[in-house]
>>> print(open('run38.cif').read())   # mmCIF, C-alpha atoms and all ligand atoms
data_query
#
loop_
_atom_site.group_PDB
_atom_site.id
_atom_site.type_symbol
_atom_site.label_atom_id
_atom_site.label_comp_id
_atom_site.auth_asym_id
_atom_site.auth_seq_id
_atom_site.Cartn_x
_atom_site.Cartn_y
_atom_site.Cartn_z
ATOM 1 C CA MET P 1 86.330 68.181 20.939
ATOM 2 C CA PRO P 2 85.929 64.416 20.313
ATOM 3 C CA ALA P 3 87.341 62.236 23.095
ATOM 4 C CA ALA P 4 90.636 60.453 22.343
ATOM 5 C CA PRO P 5 90.255 56.774 21.440
ATOM 6 C CA GLN P 6 90.197 54.522 24.468
ATOM 7 C CA ARG P 7 91.920 51.135 24.549
ATOM 8 C CA LEU P 8 90.134 47.968 25.652
ATOM 9 C CA PHE P 9 92.391 45.352 27.202
ATOM 10 C CA VAL P 10 90.601 42.073 27.860
ATOM 11 C CA ASN P 11 91.598 40.111 30.943
ATOM 12 C CA ILE P 12 91.385 36.402 30.097
ATOM 13 C CA ASP P 13 92.157 34.997 33.592
ATOM 14 C CA HIS P 14 88.764 33.397 33.978
ATOM 15 C CA VAL P 15 89.125 31.388 30.800
ATOM 16 C CA ALA P 16 91.939 29.712 32.749
ATOM 17 C CA THR P 17 89.689 29.465 35.824
ATOM 18 C CA ILE P 18 87.327 27.243 33.827
ATOM 19 C CA ARG P 19 90.233 25.154 32.538
ATOM 20 C CA GLN P 20 91.737 24.744 36.000
ATOM 21 C CA ALA P 21 88.419 23.372 37.273
ATOM 22 C CA ARG P 22 89.440 20.198 35.396
ATOM 23 C CA ARG P 23 93.228 20.735 35.058
ATOM 24 C CA THR P 24 92.841 20.022 31.355
ATOM 25 C CA THR P 25 93.816 21.959 28.238
ATOM 26 C CA GLU P 26 90.525 23.676 27.429
ATOM 27 C CA PRO P 27 89.460 26.381 27.222
ATOM 28 C CA ASP P 28 92.846 27.712 26.135
ATOM 29 C CA PRO P 29 93.568 31.311 27.261
ATOM 30 C CA LEU P 30 95.732 31.903 24.173
ATOM 31 C CA GLU P 31 92.924 30.883 21.835
ATOM 32 C CA ALA P 32 90.592 33.147 23.812
ATOM 33 C CA ALA P 33 93.103 35.996 23.545
ATOM 34 C CA LEU P 34 93.347 35.591 19.775
ATOM 35 C CA ARG P 35 89.557 35.637 19.502
ATOM 36 C CA CYS P 36 89.444 38.796 21.632
ATOM 37 C CA GLU P 37 91.949 40.390 19.284
ATOM 38 C CA ASP P 38 89.887 39.356 16.249
ATOM 39 C CA ALA P 39 86.923 41.055 17.919
ATOM 40 C CA GLY P 40 88.841 44.311 18.361
ATOM 41 C CA ALA P 41 90.630 44.111 21.719
ATOM 42 C CA ASP P 42 93.638 46.439 21.827
ATOM 43 C CA GLY P 43 95.554 44.307 24.301
ATOM 44 C CA ILE P 44 95.404 41.226 26.492
ATOM 45 C CA THR P 45 95.691 41.274 30.272
ATOM 46 C CA ALA P 46 96.568 38.277 32.419
ATOM 47 C CA HIS P 47 97.309 38.014 36.130
ATOM 48 C CA LEU P 48 99.868 35.435 37.177
ATOM 49 C CA ARG P 49 98.903 35.007 40.808
ATOM 50 C CA GLU P 50 101.419 33.643 43.261
ATOM 51 C CA ASP P 51 99.062 30.744 44.049
ATOM 52 C CA ARG P 52 98.619 30.012 40.295
ATOM 53 C CA ARG P 53 94.899 29.582 40.776
ATOM 54 C CA HIS P 54 94.066 30.359 37.152
ATOM 55 C CA ILE P 55 96.794 31.556 34.770
ATOM 56 C CA GLN P 56 99.928 29.350 34.781
ATOM 57 C CA ASP P 57 103.519 30.255 33.901
ATOM 58 C CA ASP P 58 103.197 28.420 30.610
ATOM 59 C CA ASP P 59 100.127 30.510 29.709
ATOM 60 C CA ILE P 60 102.109 33.715 30.170
ATOM 61 C CA GLN P 61 104.909 32.410 27.953
ATOM 62 C CA ARG P 62 102.459 31.352 25.256
ATOM 63 C CA LEU P 63 100.540 34.638 25.468
ATOM 64 C CA ALA P 64 103.738 36.679 25.280
ATOM 65 C CA ALA P 65 104.812 34.774 22.167
ATOM 66 C CA GLY P 66 101.452 34.220 20.512
ATOM 67 C CA ILE P 67 99.265 37.309 20.712
ATOM 68 C CA HIS P 68 99.306 39.962 18.011
ATOM 69 C CA THR P 69 98.528 42.992 20.152
ATOM 70 C CA VAL P 70 100.298 43.608 23.464
ATOM 71 C CA LEU P 71 100.424 41.848 26.805
ATOM 72 C CA ASN P 72 99.658 43.584 30.078
ATOM 73 C CA LEU P 73 100.991 41.296 32.801
ATOM 74 C CA GLU P 74 99.383 41.838 36.187
ATOM 75 C CA MET P 75 101.574 40.674 39.023
ATOM 76 C CA ALA P 76 102.562 41.264 42.620
ATOM 77 C CA LEU P 77 105.727 43.130 43.516
ATOM 78 C CA ALA P 78 107.726 39.978 44.236
ATOM 79 C CA ASP P 79 111.195 38.934 43.101
ATOM 80 C CA GLU P 80 109.894 35.813 41.377
ATOM 81 C CA MET P 81 107.512 37.943 39.301
ATOM 82 C CA LEU P 82 110.066 40.640 38.530
ATOM 83 C CA ASP P 83 112.461 37.930 37.270
ATOM 84 C CA LEU P 84 109.757 36.507 35.022
ATOM 85 C CA ALA P 85 108.841 39.948 33.656
ATOM 86 C CA GLU P 86 112.481 40.683 32.865
ATOM 87 C CA ARG P 87 112.708 37.384 31.007
ATOM 88 C CA LEU P 88 109.485 37.736 28.983
ATOM 89 C CA ARG P 89 109.446 41.520 28.596
ATOM 90 C CA PRO P 90 105.713 42.101 28.207
ATOM 91 C CA HIS P 91 104.676 45.470 26.817
ATOM 92 C CA GLN P 92 103.295 46.472 30.220
ATOM 93 C CA VAL P 93 103.298 45.265 33.805
ATOM 94 C CA THR P 94 100.564 46.351 36.177
ATOM 95 C CA LEU P 95 101.625 45.890 39.767
ATOM 96 C CA VAL P 96 98.745 44.714 41.935
ATOM 97 C CA PRO P 97 98.425 43.832 45.607
ATOM 98 C CA GLU P 98 97.929 40.178 46.336
ATOM 99 C CA ARG P 99 96.508 38.303 49.269
ATOM 100 C CA ARG P 100 96.172 34.588 48.824
ATOM 101 C CA GLU P 101 92.848 34.361 50.635
ATOM 102 C CA GLU P 102 91.109 37.008 48.508
ATOM 103 C CA VAL P 103 88.635 36.049 45.799
ATOM 104 C CA THR P 104 89.812 38.877 43.565
ATOM 105 C CA THR P 105 92.040 41.941 43.851
ATOM 106 C CA GLU P 106 90.064 43.717 46.533
ATOM 107 C CA GLY P 107 91.921 46.981 46.973
ATOM 108 C CA GLY P 108 94.587 49.053 45.320
ATOM 109 C CA LEU P 109 98.300 48.661 45.893
ATOM 110 C CA ASP P 110 99.516 49.943 49.256
ATOM 111 C CA VAL P 111 101.850 52.592 47.907
ATOM 112 C CA ARG P 112 102.541 53.988 51.385
ATOM 113 C CA ARG P 113 104.071 50.930 52.996
ATOM 114 C CA ASP P 114 107.511 50.587 51.482
ATOM 115 C CA PRO P 115 108.074 53.350 48.903
ATOM 116 C CA ASP P 116 111.726 52.419 48.368
ATOM 117 C CA ARG P 117 110.876 48.821 47.520
ATOM 118 C CA LEU P 118 108.119 49.999 45.173
ATOM 119 C CA ALA P 119 110.400 52.499 43.431
ATOM 120 C CA ALA P 120 113.087 49.817 43.067
ATOM 121 C CA GLY P 121 110.580 47.407 41.492
ATOM 122 C CA VAL P 122 109.316 50.065 39.087
ATOM 123 C CA ALA P 123 112.914 50.962 38.181
ATOM 124 C CA ARG P 124 113.737 47.304 37.459
ATOM 125 C CA LEU P 125 110.771 47.032 35.115
ATOM 126 C CA ARG P 126 111.501 50.296 33.354
ATOM 127 C CA ALA P 127 115.155 49.332 32.941
ATOM 128 C CA ALA P 128 113.924 46.223 31.114
ATOM 129 C CA GLY P 129 111.931 48.450 28.744
ATOM 130 C CA ILE P 130 108.583 47.519 30.283
ATOM 131 C CA ARG P 131 105.894 50.145 30.756
ATOM 132 C CA CYS P 132 104.891 50.097 34.405
ATOM 133 C CA SER P 133 101.420 50.798 35.732
ATOM 134 C CA LEU P 134 100.288 50.743 39.381
ATOM 135 C CA PHE P 135 96.809 49.548 40.332
ATOM 136 C CA ILE P 136 95.648 52.008 42.973
ATOM 137 C CA ASP P 137 92.560 53.246 44.728
ATOM 138 C CA PRO P 138 91.321 56.622 43.450
ATOM 139 C CA ASP P 139 92.954 58.463 46.308
ATOM 140 C CA PRO P 140 95.053 61.652 45.944
ATOM 141 C CA GLU P 141 97.943 60.384 48.053
ATOM 142 C CA ALA P 142 98.102 57.114 46.105
ATOM 143 C CA VAL P 143 98.240 59.037 42.818
ATOM 144 C CA GLU P 144 100.981 61.295 44.171
ATOM 145 C CA ARG P 145 103.018 58.369 45.476
ATOM 146 C CA SER P 146 102.632 56.429 42.212
ATOM 147 C CA ASN P 147 104.173 59.345 40.403
ATOM 148 C CA ALA P 148 106.945 59.571 42.992
ATOM 149 C CA ALA P 149 107.644 55.835 42.529
ATOM 150 C CA GLY P 150 108.411 56.478 38.851
ATOM 151 C CA ALA P 151 105.442 54.677 37.287
ATOM 152 C CA GLU P 152 104.356 55.657 33.782
ATOM 153 C CA ALA P 153 100.726 54.849 34.395
ATOM 154 C CA ILE P 154 98.143 54.304 37.104
ATOM 155 C CA GLU P 155 95.172 51.977 36.866
ATOM 156 C CA LEU P 156 92.328 53.289 38.989
ATOM 157 C CA HIS P 157 90.479 50.575 40.895
ATOM 158 C CA THR P 158 86.821 50.843 39.870
ATOM 159 C CA GLY P 159 85.597 48.140 42.268
ATOM 160 C CA ARG P 160 83.961 50.600 44.657
ATOM 161 C CA TYR P 161 82.254 52.346 41.752
ATOM 162 C CA ALA P 162 81.042 48.945 40.469
ATOM 163 C CA HIS P 163 79.407 48.311 43.838
ATOM 164 C CA HIS P 164 77.983 51.849 44.138
ATOM 165 C CA PRO P 165 77.392 53.002 40.541
ATOM 166 C CA ASP P 166 74.765 55.541 41.584
ATOM 167 C CA ASP P 167 76.836 57.253 44.266
ATOM 168 C CA PRO P 168 78.065 60.497 42.680
ATOM 169 C CA GLU P 169 80.865 60.876 45.239
ATOM 170 C CA VAL P 170 82.377 57.520 44.280
ATOM 171 C CA LEU P 171 82.419 58.506 40.625
ATOM 172 C CA ARG P 172 83.795 61.947 41.472
ATOM 173 C CA ALA P 173 86.733 60.326 43.291
ATOM 174 C CA LEU P 174 87.605 58.480 40.072
ATOM 175 C CA GLN P 175 87.252 61.667 38.016
ATOM 176 C CA ARG P 176 89.447 63.648 40.410
ATOM 177 C CA ALA P 177 92.119 60.948 40.543
ATOM 178 C CA ALA P 178 92.124 60.739 36.735
ATOM 179 C CA THR P 179 92.596 64.500 36.402
ATOM 180 C CA GLN P 180 95.318 64.541 39.050
ATOM 181 C CA GLY P 181 97.148 61.653 37.396
ATOM 182 C CA ALA P 182 97.027 63.271 33.958
ATOM 183 C CA GLU P 183 98.234 66.591 35.369
ATOM 184 C CA LEU P 184 101.240 64.776 36.829
ATOM 185 C CA GLY P 185 101.949 63.315 33.399
ATOM 186 C CA LEU P 186 100.765 59.794 34.214
ATOM 187 C CA ALA P 187 98.773 57.710 31.763
ATOM 188 C CA VAL P 188 95.447 56.835 33.372
ATOM 189 C CA HIS P 189 93.853 53.396 33.101
ATOM 190 C CA ALA P 190 90.891 51.946 34.984
ATOM 191 C CA GLY P 191 89.366 48.585 35.716
ATOM 192 C CA HIS P 192 87.733 46.045 37.983
ATOM 193 C CA GLY P 193 84.081 45.099 38.102
ATOM 194 C CA LEU P 194 83.181 46.912 34.885
ATOM 195 C CA THR P 195 80.270 45.591 32.846
ATOM 196 C CA VAL P 196 78.310 46.783 29.827
ATOM 197 C CA ARG P 197 75.823 48.307 32.273
ATOM 198 C CA ASN P 198 78.255 50.366 34.361
ATOM 199 C CA VAL P 199 81.156 51.051 31.961
ATOM 200 C CA GLY P 200 79.659 54.249 30.524
ATOM 201 C CA ALA P 201 80.491 56.706 33.312
ATOM 202 C CA VAL P 202 84.098 55.473 33.521
ATOM 203 C CA ALA P 203 84.554 55.384 29.746
ATOM 204 C CA ARG P 204 83.400 59.023 29.669
ATOM 205 C CA ILE P 205 86.214 60.221 31.954
ATOM 206 C CA PRO P 206 88.370 61.980 29.341
ATOM 207 C CA GLU P 207 91.742 61.141 30.913
ATOM 208 C CA VAL P 208 91.070 57.386 31.045
ATOM 209 C CA GLU P 209 92.878 55.990 28.039
ATOM 210 C CA GLU P 210 92.694 52.265 28.795
ATOM 211 C CA LEU P 211 90.151 49.954 30.415
ATOM 212 C CA ASN P 212 90.969 46.470 31.704
ATOM 213 C CA ILE P 213 87.885 44.281 31.746
ATOM 214 C CA GLY P 214 87.712 40.546 32.387
ATOM 215 C CA HIS P 215 85.062 38.807 34.422
ATOM 216 C CA SER P 216 82.013 40.331 32.767
ATOM 217 C CA ILE P 217 83.326 39.682 29.257
ATOM 218 C CA VAL P 218 84.169 36.048 30.014
ATOM 219 C CA SER P 219 80.789 35.623 31.751
ATOM 220 C CA ARG P 220 78.946 37.072 28.781
ATOM 221 C CA ALA P 221 80.971 34.914 26.393
ATOM 222 C CA VAL P 222 79.748 31.805 28.221
ATOM 223 C CA MET P 223 76.180 32.950 27.597
ATOM 224 C CA VAL P 224 76.351 34.154 24.023
ATOM 225 C CA GLY P 225 78.591 31.250 22.992
ATOM 226 C CA MET P 226 76.582 28.540 24.761
ATOM 227 C CA ALA P 227 74.020 28.028 21.993
ATOM 228 C CA GLU P 228 76.748 27.425 19.412
ATOM 229 C CA ALA P 229 78.585 24.987 21.706
ATOM 230 C CA VAL P 230 75.434 22.917 22.233
ATOM 231 C CA ARG P 231 74.666 22.943 18.492
ATOM 232 C CA GLU P 232 78.198 21.734 17.686
ATOM 233 C CA MET P 233 77.857 18.838 20.125
ATOM 234 C CA ARG P 234 74.442 17.890 18.741
ATOM 235 C CA VAL P 235 75.895 17.832 15.209
ATOM 236 C CA ALA P 236 78.834 15.644 16.329
ATOM 237 C CA MET P 237 76.419 13.191 17.954
ATOM 238 C CA LEU P 238 74.142 13.062 14.905
ATOM 239 C CA ARG P 239 77.094 12.542 12.579
ATOM 240 C CA ALA P 240 78.300 9.609 14.710
ATOM 241 C CA ARG P 241 74.906 7.916 14.426
ATOM 242 C CA ASP P 242 74.674 8.535 10.669
ATOM 243 C CA ARG P 243 77.662 6.335 9.976
HETATM 244 N N1 LIG A 301 92.500 45.389 36.569
HETATM 245 C C1 LIG A 301 93.162 44.744 37.553
HETATM 246 C C2 LIG A 301 94.418 45.346 38.068
HETATM 247 C C3 LIG A 301 92.706 43.516 38.057
HETATM 248 O O1 LIG A 301 93.388 42.897 39.034
HETATM 249 C C4 LIG A 301 91.536 42.961 37.507
HETATM 250 C C5 LIG A 301 91.045 41.630 37.988
HETATM 251 O O2 LIG A 301 92.013 40.656 37.742
HETATM 252 C C6 LIG A 301 90.901 43.648 36.471
HETATM 253 C C7 LIG A 301 91.375 44.879 36.036
HETATM 254 C C8 LIG A 301 89.675 43.109 35.796
HETATM 255 O O3 LIG A 301 88.603 43.057 36.678
HETATM 256 P P1 LIG A 301 87.288 42.294 36.248
HETATM 257 O O4 LIG A 301 87.658 40.859 36.036
HETATM 258 O O5 LIG A 301 86.365 42.505 37.405
HETATM 259 O O6 LIG A 301 86.800 42.930 34.992
#
>>> encode(input="run38.cif", output="structure tokens", more="lines below")
Ligand code: PXP
Amino acid sequence: MPAAPQRLFVNIDHVATIRQARRTTEPDPLEAALRCEDAGADGITAHLREDRRHIQDDDIQRLAAGIHTVLNLEMALADEMLDLAERLRPHQVTLVPERREEVTTEGGLDVRRDPDRLAAGVARLRAAGIRCSLFIDPDPEAVERSNAAGAEAIELHTGRYAHHPDDPEVLRALQRAATQGAELGLAVHAGHGLTVRNVGAVARIPEVEELNIGHSIVSRAVMVGMAEAVREMRVAMLRARDR
């Protein structure tokens, strides 16, 4: 039986990382999002971190209003973020853990710590008509608790797999968590650290219906787009001298 189509959501956070290096207006994450859509992305993912290190509030507003596919807003379970989600009503919110000192989202959400608070956050999002996904480690208890919290989807953290792509046990944990999630009726997503070299084994997991991929796509875009950017500048310089 052919596998069901799998959605690609492109995370454009690191377009904003480059912009924030100069606190200027380029590159614009919305323009990047529209180009991703033109290239076939099924959705756009952006993480509004509490420290606003890359994506800014204004970016989220512009993305919510300007993209043609759907927005997956990654955010921490915090009142400020829940308020913003209720106001902007993105198609989907993925709740992620957040530590200010981390370079990236290093582990899945701690779904054990305060289940009532988690369930209340999920309920607030669902009451606003927002699909709610929880970013978790591929661990049976985390899958079980995500379902108990009322989430519609789980996003399996593939960071460990990305660091150990040849360890069959690491991949098996993802496969088992995907099967468990689907059996509970959860939609199963995956992401973090995926590249064109390691995406295959995760893309082959039949239950995984959506992948969220950012850093490697933005990194590759810098490389494959660099030649054109240099050519454009050379042309602008030559034109100036021709006058
Ligand atoms: N999914 C979640 C929940 C994330 O937090 C991130 C990183 O922001 C990603 C996917 C994308 O990871 P990467 O940038 O490594 O592709």
>>> atom_distance(input="run38.cif", atom1="atom CA of P:Gly66", atom2="atom CA of P:Asp42")
14.6 Å
>>> resolve_selection(input="run38.cif", expression="the PyMOL selection byres (((not hetatm)) within 8 of (chain A and resi 301))", output="NGL selection string")
:P and (11 or 13-14 or 46-47 or 74 or 94-96 or 104-105 or 135 or 155 or 157 or 159 or 190-195 or 211-217)
>>> atom_distance(input="run38.cif", atom1="atom CA of P:Arg7", atom2="atom CA of P:Gly43")
7.7 Å
>>> atom_distance(input="run38.cif", atom1="atom CA of P:Gly150", atom2="atom CA of P:Ile205")
23.5 Å
>>> closest_residue(input="run38.cif", among="P:Arg145, P:Met226, P:Arg89, P:Arg131", to="P:Asp114", atoms="all atoms listed in the file")
P:Arg145
>>> residues_around(input="run38.cif", residues="P:Glu210", least_positions_apart="6", cutoff="12 Å", atoms="only C-alpha atoms", output="PDB file with C-alpha atoms, in the coordinates of the input")
ATOM      1  CA  ALA P   4      90.636  60.453  22.343  1.00  0.00           C
ATOM      2  CA  PRO P   5      90.255  56.774  21.440  1.00  0.00           C
ATOM      3  CA  GLN P   6      90.197  54.522  24.468  1.00  0.00           C
ATOM      4  CA  ARG P   7      91.920  51.135  24.549  1.00  0.00           C
ATOM      5  CA  LEU P   8      90.134  47.968  25.652  1.00  0.00           C
ATOM      6  CA  PHE P   9      92.391  45.352  27.202  1.00  0.00           C
ATOM      7  CA  VAL P  10      90.601  42.073  27.860  1.00  0.00           C
ATOM      8  CA  ALA P  41      90.630  44.111  21.719  1.00  0.00           C
ATOM      9  CA  ASP P  42      93.638  46.439  21.827  1.00  0.00           C
ATOM     10  CA  GLY P  43      95.554  44.307  24.301  1.00  0.00           C
ATOM     11  CA  ILE P  44      95.404  41.226  26.492  1.00  0.00           C
ATOM     12  CA  THR P  45      95.691  41.274  30.272  1.00  0.00           C
ATOM     13  CA  ASN P  72      99.658  43.584  30.078  1.00  0.00           C
ATOM     14  CA  SER P 133     101.420  50.798  35.732  1.00  0.00           C
ATOM     15  CA  ALA P 153     100.726  54.849  34.395  1.00  0.00           C
ATOM     16  CA  ILE P 154      98.143  54.304  37.104  1.00  0.00           C
ATOM     17  CA  GLU P 155      95.172  51.977  36.866  1.00  0.00           C
ATOM     18  CA  LEU P 156      92.328  53.289  38.989  1.00  0.00           C
ATOM     19  CA  ALA P 178      92.124  60.739  36.735  1.00  0.00           C
ATOM     20  CA  ALA P 187      98.773  57.710  31.763  1.00  0.00           C
ATOM     21  CA  VAL P 188      95.447  56.835  33.372  1.00  0.00           C
ATOM     22  CA  HIS P 189      93.853  53.396  33.101  1.00  0.00           C
ATOM     23  CA  ALA P 190      90.891  51.946  34.984  1.00  0.00           C
ATOM     24  CA  GLY P 191      89.366  48.585  35.716  1.00  0.00           C
ATOM     25  CA  VAL P 202      84.098  55.473  33.521  1.00  0.00           C
ATOM     26  CA  ALA P 203      84.554  55.384  29.746  1.00  0.00           C
ATOM     27  CA  ARG P 204      83.400  59.023  29.669  1.00  0.00           C
TER      28      ARG P 204
END
>>> residues_around(input="run38.cif", residues="P:Pro29", least_positions_apart="2", cutoff="9 Å", atoms="all atoms listed in the file", output="JSON, numbers by chain")
{"P": [12, 13, 14, 15, 16, 19, 26, 27, 31, 32, 33, 34, 55, 59, 63]}
>>> write_last_selection(input="run38.cif", atoms="C-alpha atoms", output="CSV table (one decimal), keeping the file's coordinate frame")
chain,number,residue,atom,x,y,z
P,12,ILE,CA,91.4,36.4,30.1
P,13,ASP,CA,92.2,35.0,33.6
P,14,HIS,CA,88.8,33.4,34.0
P,15,VAL,CA,89.1,31.4,30.8
P,16,ALA,CA,91.9,29.7,32.7
P,19,ARG,CA,90.2,25.2,32.5
P,26,GLU,CA,90.5,23.7,27.4
P,27,PRO,CA,89.5,26.4,27.2
P,31,GLU,CA,92.9,30.9,21.8
P,32,ALA,CA,90.6,33.1,23.8
P,33,ALA,CA,93.1,36.0,23.5
P,34,LEU,CA,93.3,35.6,19.8
P,55,ILE,CA,96.8,31.6,34.8
P,59,ASP,CA,100.1,30.5,29.7
P,63,LEU,CA,100.5,34.6,25.5
>>> residues_around(input="run38.cif", residues="stretch 179-185 of chain P", least_positions_apart="3", cutoff="9 Å", atoms="all atoms listed in the file", output="ChimeraX atom specification")
/P:140,143-144,146-147,152-154,174-176,188,205-208
>>> closest_residue(input="run38.cif", among="P:Leu30, P:Asp83, P:Glu37, P:Leu134", to="P:Gln61", atoms="all atoms listed in the file")
P:Leu30
>>> residues_around(input="run38.cif", residues="stretch 76-79 of chain P", least_positions_apart="4", cutoff="10 Å", atoms="all atoms listed in the file", output="VMD selection string")
chain P and resid 47 to 50 83 to 85 93 to 99 109 117 to 118 120 to 122
>>> closest_residue(input="run38.cif", among="P:Ala142, P:Ala148, P:His91, P:Asp116", to="P:Ala128", atoms="all atoms listed in the file")
P:His91
